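Here's the structure, in structure tokens; my notes come after.
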Amino acid sequence: MSRKKDLDYLTISARIHAMETRLLNAERVERMIEARELTEAAKVLTECGYEDLGQVTAQGIEEMLSKAQTDLFHDLSTAVGNRALLDVFRCTYDYHNAKVLVKGEALGVNQESLLVGGGRYAPARLAEDYGREDLRGYAEIFRRGIARARETLGATGDPQLADFILDRACFEELTDLAQKADSKFVQEYVALSIDVANLRSCVRAARLNKGGEFLQQVLVPGGTVPLRTLALAKGEELGNVFRSGPLAHAAALGAAVSAPGSGALTEFERECDDAVMDYLSAARRVAFGEQPIVGYLYARQAEMTAIRTILSGRMAGLDGDTIRQRLRRTYG
């Protein structure tokens with residue numbers, strides 16, 4: 001990225017670095033886990049800019065997080081001129097909503113309560129347009145993915161196949177948006193995200209004794225490892241396939257648990273997420289540019305996942321050590 005483009009981000013980068021101080025860091029995480037009461041744990045979030053939940057319920061948590069992510073993107077959209085930079089993170093919520101609508105239609109059940117905010121398209125408007133079968137104002141890749149998912153689900157009755165189609169469309173659009181964002185940092189982030197998704201698919205396929213035909217349905221182009229290489233690799237060979245990149249350790253862990261009945265995937269899954277966090281955490285060392293924005297957006301997504309994990313774990317009566325095992329590395 002040129003010096004001129006870096007300077008375009010000067011003001012917002014300074015603001016982002018100030019906002020980073022309010023993120024849910026390791027110290028706040030520990031206070032939430034160790035708080036005597038659930039309401040005490042939730043109050044820690046007010047230090048991060050979230051609304052006071054009062055009585056903590058599953059619905060209340062989701063409403064709080066949905067509002068927070070909608071407000072975040074609305075706030076940054078007025079300060080970040082590079083729309084594609086934000087849309088890389090917004091479009092994943094749109095595809096979640098697409099899955100909800102496609103499955104709801106197939107089941108004949110209204111599932112609009114499961115729609116989330118924060119995407120490019122307002123959930124209520126998307127649901128209305130979907131019901132009228134009029135998605136002319138939406139991105140072409142998004143429209144095409146929905147059409148194929150509906151057709152496949154109608155023909156096969158298999159919701160998993162519909163999910164595969166929408167996942168592939170999502171990554172295809174992420175790759176397109178990363179190119180439009182004109183940022184090598186974002187492009188490498190998307191490629192790493194695709195590598196993570198493909199690595200996870202390979203490990204799960206190996207554990208289920210599913211071969212190349214299944215992998216052809218689930219593997220996503222756009223990563224750093226060719227799809228043919230992945231499709232031909234046996235589970236125990238995955239460590240070698242990814243040995244020279246940021247997923248080397250995650251792949252080694254995945255290879256070790258790729259055989260059926262070979263143990264839990266918890267550590268492998270956590271290492272995959274931590275590898276992405278490690279890549280994006282480097283953004284905190286950049287004074288100004290698109291990197292601080294991208295890193296912060298990912299950090300906020302990870303933060304919301306951590307909030308769900310901690311509060312739902314506390315509501316379920318899990319002990320602190322069990323909750324800690326389910327958490328991922330914090331941004332920094």
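Chain identifiers are assigned as A, B, and so on, following the order in which chains appear in the structure tokens; residues are numbered from 1 within each chain, and ligands are numbered from 1 in order of appearance.
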With only C-alpha atoms as the counted atoms, please give the residues lying no more than 7 Å from Gly118 of chain A, apart from itself and same-chain residues fewer than 2 positions off, as a PDB file with all heavy atoms, in the first residue's frame.
```
ATOM      1  N   SER A  66     -25.684  -8.367  19.014  1.00  0.00           N
ATOM      2  CA  SER A  66     -26.170  -7.966  17.694  1.00  0.00           C
ATOM      3  C   SER A  66     -26.190  -6.450  17.567  1.00  0.00           C
ATOM      4  O   SER A  66     -25.756  -5.888  16.549  1.00  0.00           O
ATOM      5  CB  SER A  66     -27.563  -8.543  17.448  1.00  0.00           C
ATOM      6  OG  SER A  66     -28.032  -8.179  16.170  1.00  0.00           O
ATOM      7  N   GLN A  69     -22.507  -5.089  17.291  1.00  0.00           N
ATOM      8  CA  GLN A  69     -21.841  -5.226  15.998  1.00  0.00           C
ATOM      9  C   GLN A  69     -22.485  -4.341  14.935  1.00  0.00           C
ATOM     10  O   GLN A  69     -21.793  -3.790  14.061  1.00  0.00           O
ATOM     11  CB  GLN A  69     -21.801  -6.688  15.553  1.00  0.00           C
ATOM     12  CG  GLN A  69     -23.113  -7.338  15.267  1.00  0.00           C
ATOM     13  CD  GLN A  69     -22.958  -8.857  15.089  1.00  0.00           C
ATOM     14  OE1 GLN A  69     -21.957  -9.445  15.487  1.00  0.00           O
ATOM     15  NE2 GLN A  69     -23.949  -9.495  14.510  1.00  0.00           N
ATOM     16  N   THR A  70     -23.800  -4.136  15.021  1.00  0.00           N
ATOM     17  CA  THR A  70     -24.456  -3.213  14.101  1.00  0.00           C
ATOM     18  C   THR A  70     -23.948  -1.792  14.320  1.00  0.00           C
ATOM     19  O   THR A  70     -23.633  -1.070  13.366  1.00  0.00           O
ATOM     20  CB  THR A  70     -25.984  -3.263  14.286  1.00  0.00           C
ATOM     21  OG1 THR A  70     -26.453  -4.583  14.011  1.00  0.00           O
ATOM     22  CG2 THR A  70     -26.683  -2.292  13.347  1.00  0.00           C
ATOM     23  N   PHE A  73     -20.205  -1.300  12.940  1.00  0.00           N
ATOM     24  CA  PHE A  73     -20.060  -1.103  11.502  1.00  0.00           C
ATOM     25  C   PHE A  73     -20.676   0.220  11.050  1.00  0.00           C
ATOM     26  O   PHE A  73     -20.165   0.869  10.138  1.00  0.00           O
ATOM     27  CB  PHE A  73     -20.667  -2.273  10.739  1.00  0.00           C
ATOM     28  CG  PHE A  73     -19.833  -3.516  10.809  1.00  0.00           C
ATOM     29  CD1 PHE A  73     -20.305  -4.655  11.446  1.00  0.00           C
ATOM     30  CD2 PHE A  73     -18.565  -3.554  10.251  1.00  0.00           C
ATOM     31  CE1 PHE A  73     -19.533  -5.810  11.522  1.00  0.00           C
ATOM     32  CE2 PHE A  73     -17.785  -4.699  10.327  1.00  0.00           C
ATOM     33  CZ  PHE A  73     -18.267  -5.825  10.962  1.00  0.00           C
ATOM     34  N   ARG A  90     -18.289  -7.820   7.257  1.00  0.00           N
ATOM     35  CA  ARG A  90     -19.744  -7.742   7.337  1.00  0.00           C
ATOM     36  C   ARG A  90     -20.425  -8.891   6.593  1.00  0.00           C
ATOM     37  O   ARG A  90     -21.491  -9.357   7.005  1.00  0.00           O
ATOM     38  CB  ARG A  90     -20.227  -6.406   6.767  1.00  0.00           C
ATOM     39  CG  ARG A  90     -19.704  -5.195   7.489  1.00  0.00           C
ATOM     40  CD  ARG A  90     -20.235  -3.906   6.898  1.00  0.00           C
ATOM     41  NE  ARG A  90     -21.640  -3.715   7.237  1.00  0.00           N
ATOM     42  CZ  ARG A  90     -22.353  -2.699   6.817  1.00  0.00           C
ATOM     43  NH1 ARG A  90     -21.817  -1.790   6.021  1.00  0.00           N
ATOM     44  NH2 ARG A  90     -23.612  -2.573   7.180  1.00  0.00           N
ATOM     45  N   TYR A  93     -21.950 -12.215   8.166  1.00  0.00           N
ATOM     46  CA  TYR A  93     -23.258 -12.172   8.826  1.00  0.00           C
ATOM     47  C   TYR A  93     -24.381 -12.337   7.804  1.00  0.00           C
ATOM     48  O   TYR A  93     -25.414 -12.942   8.095  1.00  0.00           O
ATOM     49  CB  TYR A  93     -23.424 -10.858   9.591  1.00  0.00           C
ATOM     50  CG  TYR A  93     -22.378 -10.657  10.668  1.00  0.00           C
ATOM     51  CD1 TYR A  93     -21.405  -9.675  10.554  1.00  0.00           C
ATOM     52  CD2 TYR A  93     -22.356 -11.472  11.800  1.00  0.00           C
ATOM     53  CE1 TYR A  93     -20.442  -9.501  11.532  1.00  0.00           C
ATOM     54  CE2 TYR A  93     -21.392 -11.304  12.785  1.00  0.00           C
ATOM     55  CZ  TYR A  93     -20.437 -10.313  12.640  1.00  0.00           C
ATOM     56  OH  TYR A  93     -19.475 -10.152  13.616  1.00  0.00           O
ATOM     57  N   VAL A 116     -29.282 -12.158  12.348  1.00  0.00           N
ATOM     58  CA  VAL A 116     -28.413 -11.275  13.131  1.00  0.00           C
ATOM     59  C   VAL A 116     -28.114 -10.003  12.356  1.00  0.00           C
ATOM     60  O   VAL A 116     -28.157  -9.971  11.124  1.00  0.00           O
ATOM     61  CB  VAL A 116     -27.089 -11.979  13.503  1.00  0.00           C
ATOM     62  CG1 VAL A 116     -27.347 -13.198  14.368  1.00  0.00           C
ATOM     63  CG2 VAL A 116     -26.291 -12.365  12.253  1.00  0.00           C
ATOM     64  N   ARG A 120     -24.134  -6.454   5.647  1.00  0.00           N
ATOM     65  CA  ARG A 120     -24.350  -5.369   4.680  1.00  0.00           C
ATOM     66  C   ARG A 120     -25.824  -5.119   4.460  1.00  0.00           C
ATOM     67  O   ARG A 120     -26.227  -4.009   4.089  1.00  0.00           O
ATOM     68  CB  ARG A 120     -23.692  -5.743   3.338  1.00  0.00           C
ATOM     69  CG  ARG A 120     -22.193  -5.909   3.394  1.00  0.00           C
ATOM     70  CD  ARG A 120     -21.681  -6.652   2.167  1.00  0.00           C
ATOM     71  NE  ARG A 120     -22.226  -8.003   2.110  1.00  0.00           N
ATOM     72  CZ  ARG A 120     -22.046  -8.837   1.086  1.00  0.00           C
ATOM     73  NH1 ARG A 120     -21.344  -8.431   0.037  1.00  0.00           N
ATOM     74  NH2 ARG A 120     -22.555 -10.044   1.108  1.00  0.00           N
TER      75      ARG A 120
END
```
Please, which residues in segment 27-133 of chain A fall within 12 Å of segment 321-324 of chain A when counting only C-alpha atoms, and what is the closest atom pair and distance in Å to one decimal for each, ordered by chain then residue number, as a Markdown table?
```
| residue | atom | partner | partner_atom | distance |
| --- | --- | --- | --- | --- |
| A:Val29 | CA | A:Arg324 | CA | 9.1 |
| A:Glu30 | CA | A:Arg324 | CA | 8.9 |
| A:Met32 | CA | A:Ile323 | CA | 10.6 |
| A:Ile33 | CA | A:Ile323 | CA | 7.7 |
| A:Glu34 | CA | A:Asp321 | CA | 10.3 |
```
Just to be explicit: take each residue in the selection above, keep N, CA and C atoms, and write the result as an mmCIF file, in the first residue's frame.
```
data_model
loop_
_atom_site.group_PDB
_atom_site.id
_atom_site.type_symbol
_atom_site.label_atom_id
_atom_site.label_comp_id
_atom_site.auth_asym_id
_atom_site.auth_seq_id
_atom_site.Cartn_x
_atom_site.Cartn_y
_atom_site.Cartn_z
ATOM 1 N N VAL A 29 -11.121 -10.940 31.084
ATOM 2 C CA VAL A 29 -11.621 -12.310 30.943
ATOM 3 C C VAL A 29 -11.572 -13.033 32.284
ATOM 4 N N GLU A 30 -10.442 -12.914 32.982
ATOM 5 C CA GLU A 30 -10.300 -13.581 34.275
ATOM 6 C C GLU A 30 -11.302 -13.055 35.288
ATOM 7 N N MET A 32 -14.254 -11.910 34.636
ATOM 8 C CA MET A 32 -15.561 -12.465 34.281
ATOM 9 C C MET A 32 -15.683 -13.912 34.747
ATOM 10 N N ILE A 33 -14.624 -14.667 34.577
ATOM 11 C CA ILE A 33 -14.658 -16.081 34.965
ATOM 12 C C ILE A 33 -14.727 -16.236 36.478
ATOM 13 N N GLU A 34 -13.994 -15.378 37.189
ATOM 14 C CA GLU A 34 -13.882 -15.520 38.641
ATOM 15 C C GLU A 34 -14.958 -14.772 39.417
#
```
| request: Would you please work out which residue, of A:Leu297, A:Arg22, A:Ala58, A:Val186, is nearest to Val44 of chain A when using only C-alpha atoms? | output: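 Between A:Leu297, A:Arg22, A:Ala58, A:Val186, the residue approaching Val44 of chain A most closely is A:Arg22.
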| remark: Using only C-alpha atoms, the residue out of A:Ala41, A:Lys67, A:Asp87, A:Leu177 with shortest distance to Gln55 of chain A is A:Ala41
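Proximity to Leu86 of chain A at 9 Å, evaluated using only C-alpha atoms and with sequence-adjacent residues fewer than 2 positions away removed, yields Phe73, Leu76, Ser77, Val80, Asn82, Arg83, Ala84, Val88, Phe89, Arg90, Cys91, Ala181, Ile293, Val294 and Leu297 of chain A.
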Could you save the residues just selected, with N, CA, C and O atoms, as a PDB file, in the first residue's frame?
```
ATOM      1  N   PHE A  73     -20.205  -1.300  12.940  1.00  0.00           N
ATOM      2  CA  PHE A  73     -20.060  -1.103  11.502  1.00  0.00           C
ATOM      3  C   PHE A  73     -20.676   0.220  11.050  1.00  0.00           C
ATOM      4  O   PHE A  73     -20.165   0.869  10.138  1.00  0.00           O
ATOM      5  N   LEU A  76     -18.016   2.880  11.995  1.00  0.00           N
ATOM      6  CA  LEU A  76     -16.815   2.877  11.158  1.00  0.00           C
ATOM      7  C   LEU A  76     -17.118   3.212   9.699  1.00  0.00           C
ATOM      8  O   LEU A  76     -16.246   3.719   8.989  1.00  0.00           O
ATOM      9  N   SER A  77     -18.331   2.949   9.256  1.00  0.00           N
ATOM     10  CA  SER A  77     -18.666   3.229   7.850  1.00  0.00           C
ATOM     11  C   SER A  77     -18.585   4.719   7.527  1.00  0.00           C
ATOM     12  O   SER A  77     -18.376   5.096   6.373  1.00  0.00           O
ATOM     13  N   VAL A  80     -14.374   5.222   7.526  1.00  0.00           N
ATOM     14  CA  VAL A  80     -13.509   4.426   6.639  1.00  0.00           C
ATOM     15  C   VAL A  80     -14.064   4.507   5.222  1.00  0.00           C
ATOM     16  O   VAL A  80     -15.146   3.994   4.946  1.00  0.00           O
ATOM     17  N   ASN A  82     -12.895   3.117   2.534  1.00  0.00           N
ATOM     18  CA  ASN A  82     -12.721   1.861   1.804  1.00  0.00           C
ATOM     19  C   ASN A  82     -13.801   0.877   2.258  1.00  0.00           C
ATOM     20  O   ASN A  82     -13.619   0.110   3.199  1.00  0.00           O
ATOM     21  N   ARG A  83     -14.931   0.891   1.571  1.00  0.00           N
ATOM     22  CA  ARG A  83     -16.077   0.081   1.993  1.00  0.00           C
ATOM     23  C   ARG A  83     -15.765  -1.407   1.970  1.00  0.00           C
ATOM     24  O   ARG A  83     -16.216  -2.164   2.836  1.00  0.00           O
ATOM     25  N   ALA A  84     -15.002  -1.846   0.978  1.00  0.00           N
ATOM     26  CA  ALA A  84     -14.700  -3.274   0.863  1.00  0.00           C
ATOM     27  C   ALA A  84     -13.953  -3.783   2.088  1.00  0.00           C
ATOM     28  O   ALA A  84     -14.092  -4.944   2.478  1.00  0.00           O
ATOM     29  N   VAL A  88     -15.516  -7.098   4.121  1.00  0.00           N
ATOM     30  CA  VAL A  88     -14.849  -8.386   4.347  1.00  0.00           C
ATOM     31  C   VAL A  88     -15.339  -9.009   5.644  1.00  0.00           C
ATOM     32  O   VAL A  88     -15.466 -10.238   5.757  1.00  0.00           O
ATOM     33  N   PHE A  89     -15.626  -8.171   6.626  1.00  0.00           N
ATOM     34  CA  PHE A  89     -16.107  -8.679   7.912  1.00  0.00           C
ATOM     35  C   PHE A  89     -17.625  -8.687   7.996  1.00  0.00           C
ATOM     36  O   PHE A  89     -18.203  -9.496   8.708  1.00  0.00           O
ATOM     37  N   ARG A  90     -18.289  -7.820   7.257  1.00  0.00           N
ATOM     38  CA  ARG A  90     -19.744  -7.742   7.337  1.00  0.00           C
ATOM     39  C   ARG A  90     -20.425  -8.891   6.593  1.00  0.00           C
ATOM     40  O   ARG A  90     -21.491  -9.357   7.005  1.00  0.00           O
ATOM     41  N   CYS A  91     -19.834  -9.344   5.499  1.00  0.00           N
ATOM     42  CA  CYS A  91     -20.563 -10.287   4.641  1.00  0.00           C
ATOM     43  C   CYS A  91     -20.774 -11.647   5.299  1.00  0.00           C
ATOM     44  O   CYS A  91     -21.706 -12.369   4.941  1.00  0.00           O
ATOM     45  N   ALA A 181     -10.559  -4.317  -1.846  1.00  0.00           N
ATOM     46  CA  ALA A 181     -10.013  -3.505  -0.758  1.00  0.00           C
ATOM     47  C   ALA A 181      -8.603  -3.018  -1.052  1.00  0.00           C
ATOM     48  O   ALA A 181      -8.104  -2.097  -0.397  1.00  0.00           O
ATOM     49  N   ILE A 293      -7.298  -1.252  11.410  1.00  0.00           N
ATOM     50  CA  ILE A 293      -8.744  -1.394  11.249  1.00  0.00           C
ATOM     51  C   ILE A 293      -9.111  -2.868  11.132  1.00  0.00           C
ATOM     52  O   ILE A 293     -10.029  -3.358  11.799  1.00  0.00           O
ATOM     53  N   VAL A 294      -8.385  -3.580  10.277  1.00  0.00           N
ATOM     54  CA  VAL A 294      -8.663  -5.003  10.055  1.00  0.00           C
ATOM     55  C   VAL A 294      -8.437  -5.804  11.338  1.00  0.00           C
ATOM     56  O   VAL A 294      -9.260  -6.645  11.723  1.00  0.00           O
ATOM     57  N   LEU A 297     -11.282  -5.107  13.833  1.00  0.00           N
ATOM     58  CA  LEU A 297     -12.546  -5.753  13.462  1.00  0.00           C
ATOM     59  C   LEU A 297     -12.528  -7.232  13.805  1.00  0.00           C
ATOM     60  O   LEU A 297     -13.512  -7.785  14.319  1.00  0.00           O
TER      61      LEU A 297
END
```
| request: Enter the distance from atom CA of Gly223 of chain A to atom CA of Gln187 of chain A, in Å, rounded to one decimal. | output: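 Atom CA of Gln187 of chain A lies at a distance of 10.0 Å from atom CA of Gly223 of chain A.
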Distance table requested - segment 18-72 of chain A against segment 97-114 of chain A, cut-off 12 Å, only C-alpha atoms: one row per qualifying residue with the closest atom pair and its distance in Å to one decimal, ordered by chain and rising residue number, as a tab-separated table.
```
residue	atom	partner	partner_atom	distance
A:Gln59	CA	A:Ser113	CA	10.1
A:Glu62	CA	A:Leu114	CA	9.7
A:Glu63	CA	A:Ser113	CA	10.5
A:Ser66	CA	A:Leu114	CA	10.9
```
Output of the above residues as a PDB file, in the first residue's frame, restricted to all heavy atoms:
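File produced: selection33.pdb:
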```pdb
ATOM      1  N   GLN A  59     -31.136 -14.809  25.415  1.00  0.00           N
ATOM      2  CA  GLN A  59     -31.678 -13.861  24.445  1.00  0.00           C
ATOM      3  C   GLN A  59     -31.085 -12.473  24.647  1.00  0.00           C
ATOM      4  O   GLN A  59     -30.750 -11.777  23.685  1.00  0.00           O
ATOM      5  CB  GLN A  59     -33.204 -13.797  24.570  1.00  0.00           C
ATOM      6  CG  GLN A  59     -33.845 -12.841  23.559  1.00  0.00           C
ATOM      7  CD  GLN A  59     -35.359 -12.793  23.678  1.00  0.00           C
ATOM      8  OE1 GLN A  59     -35.964 -13.610  24.370  1.00  0.00           O
ATOM      9  NE2 GLN A  59     -35.974 -11.846  23.011  1.00  0.00           N
ATOM     10  N   GLU A  62     -27.547 -12.257  23.143  1.00  0.00           N
ATOM     11  CA  GLU A  62     -27.547 -12.156  21.682  1.00  0.00           C
ATOM     12  C   GLU A  62     -28.025 -10.794  21.208  1.00  0.00           C
ATOM     13  O   GLU A  62     -27.478 -10.234  20.248  1.00  0.00           O
ATOM     14  CB  GLU A  62     -28.414 -13.268  21.079  1.00  0.00           C
ATOM     15  CG  GLU A  62     -27.824 -14.655  21.223  1.00  0.00           C
ATOM     16  CD  GLU A  62     -26.400 -14.759  20.695  1.00  0.00           C
ATOM     17  OE1 GLU A  62     -26.117 -14.200  19.613  1.00  0.00           O
ATOM     18  OE2 GLU A  62     -25.568 -15.373  21.373  1.00  0.00           O
ATOM     19  N   GLU A  63     -29.020 -10.238  21.868  1.00  0.00           N
ATOM     20  CA  GLU A  63     -29.503  -8.905  21.484  1.00  0.00           C
ATOM     21  C   GLU A  63     -28.436  -7.854  21.735  1.00  0.00           C
ATOM     22  O   GLU A  63     -28.243  -6.937  20.916  1.00  0.00           O
ATOM     23  CB  GLU A  63     -30.776  -8.573  22.263  1.00  0.00           C
ATOM     24  CG  GLU A  63     -31.986  -9.382  21.801  1.00  0.00           C
ATOM     25  CD  GLU A  63     -33.218  -9.121  22.654  1.00  0.00           C
ATOM     26  OE1 GLU A  63     -33.096  -8.397  23.683  1.00  0.00           O
ATOM     27  OE2 GLU A  63     -34.303  -9.632  22.303  1.00  0.00           O
ATOM     28  N   SER A  66     -25.684  -8.367  19.014  1.00  0.00           N
ATOM     29  CA  SER A  66     -26.170  -7.966  17.694  1.00  0.00           C
ATOM     30  C   SER A  66     -26.190  -6.450  17.567  1.00  0.00           C
ATOM     31  O   SER A  66     -25.756  -5.888  16.549  1.00  0.00           O
ATOM     32  CB  SER A  66     -27.563  -8.543  17.448  1.00  0.00           C
ATOM     33  OG  SER A  66     -28.032  -8.179  16.170  1.00  0.00           O
TER      34      SER A  66
END
```
Residues within 9 Å of Met277 of chain A, only C-alpha atoms, excluding chain neighbours under 5 positions, as a compact mmCIF listing (two decimals) with C-alpha atoms, in the first residue's frame:
```
# COMPACT_ATOMS: atom_id res chain seq x y z
CA CYS A 272 -6.40 -22.87 14.15
CA ALA A 282 0.69 -7.79 14.20
CA GLY A 295 -7.04 -6.24 13.25
CA TYR A 298 -11.31 -9.31 13.87
CA ALA A 299 -10.58 -8.66 17.55
CA ALA A 302 -13.27 -12.78 18.62
CA ARG A 328 -9.08 -18.46 22.28
CA ARG A 329 -6.07 -16.17 22.49
CA THR A 330 -6.91 -12.51 23.00
CA TYR A 331 -5.83 -9.72 20.65
CA GLY A 332 -2.49 -8.19 21.48
```
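With only C-alpha atoms as the atoms that count, the minimum distance from Leu161 of chain A to the choices A:Tyr9, A:Tyr50, A:Phe142, A:Phe214 is reached by A:Phe214.
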| task | Return the single residue from A:Val220, A:Ala42, A:Leu199, A:Leu227 that is closest to Met315 of chain A, with distances computed using only C-alpha atoms. | result |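 Counting only C-alpha atoms, the residue closest to Met315 of chain A is A:Ala42.
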| field | Neighbour list for Thr224 of chain A as number ranges by chain, cut-off 9 Å, only C-alpha atoms, skip fewer than 2 positions in-chain | value | A: 191-192, 194-195, 221-222, 226
| task | Just give me the gap between atom CA of Ala139 of chain A and atom CA of Ala124 of chain A in Å, one decimal is fine. | result | 17.1 Å
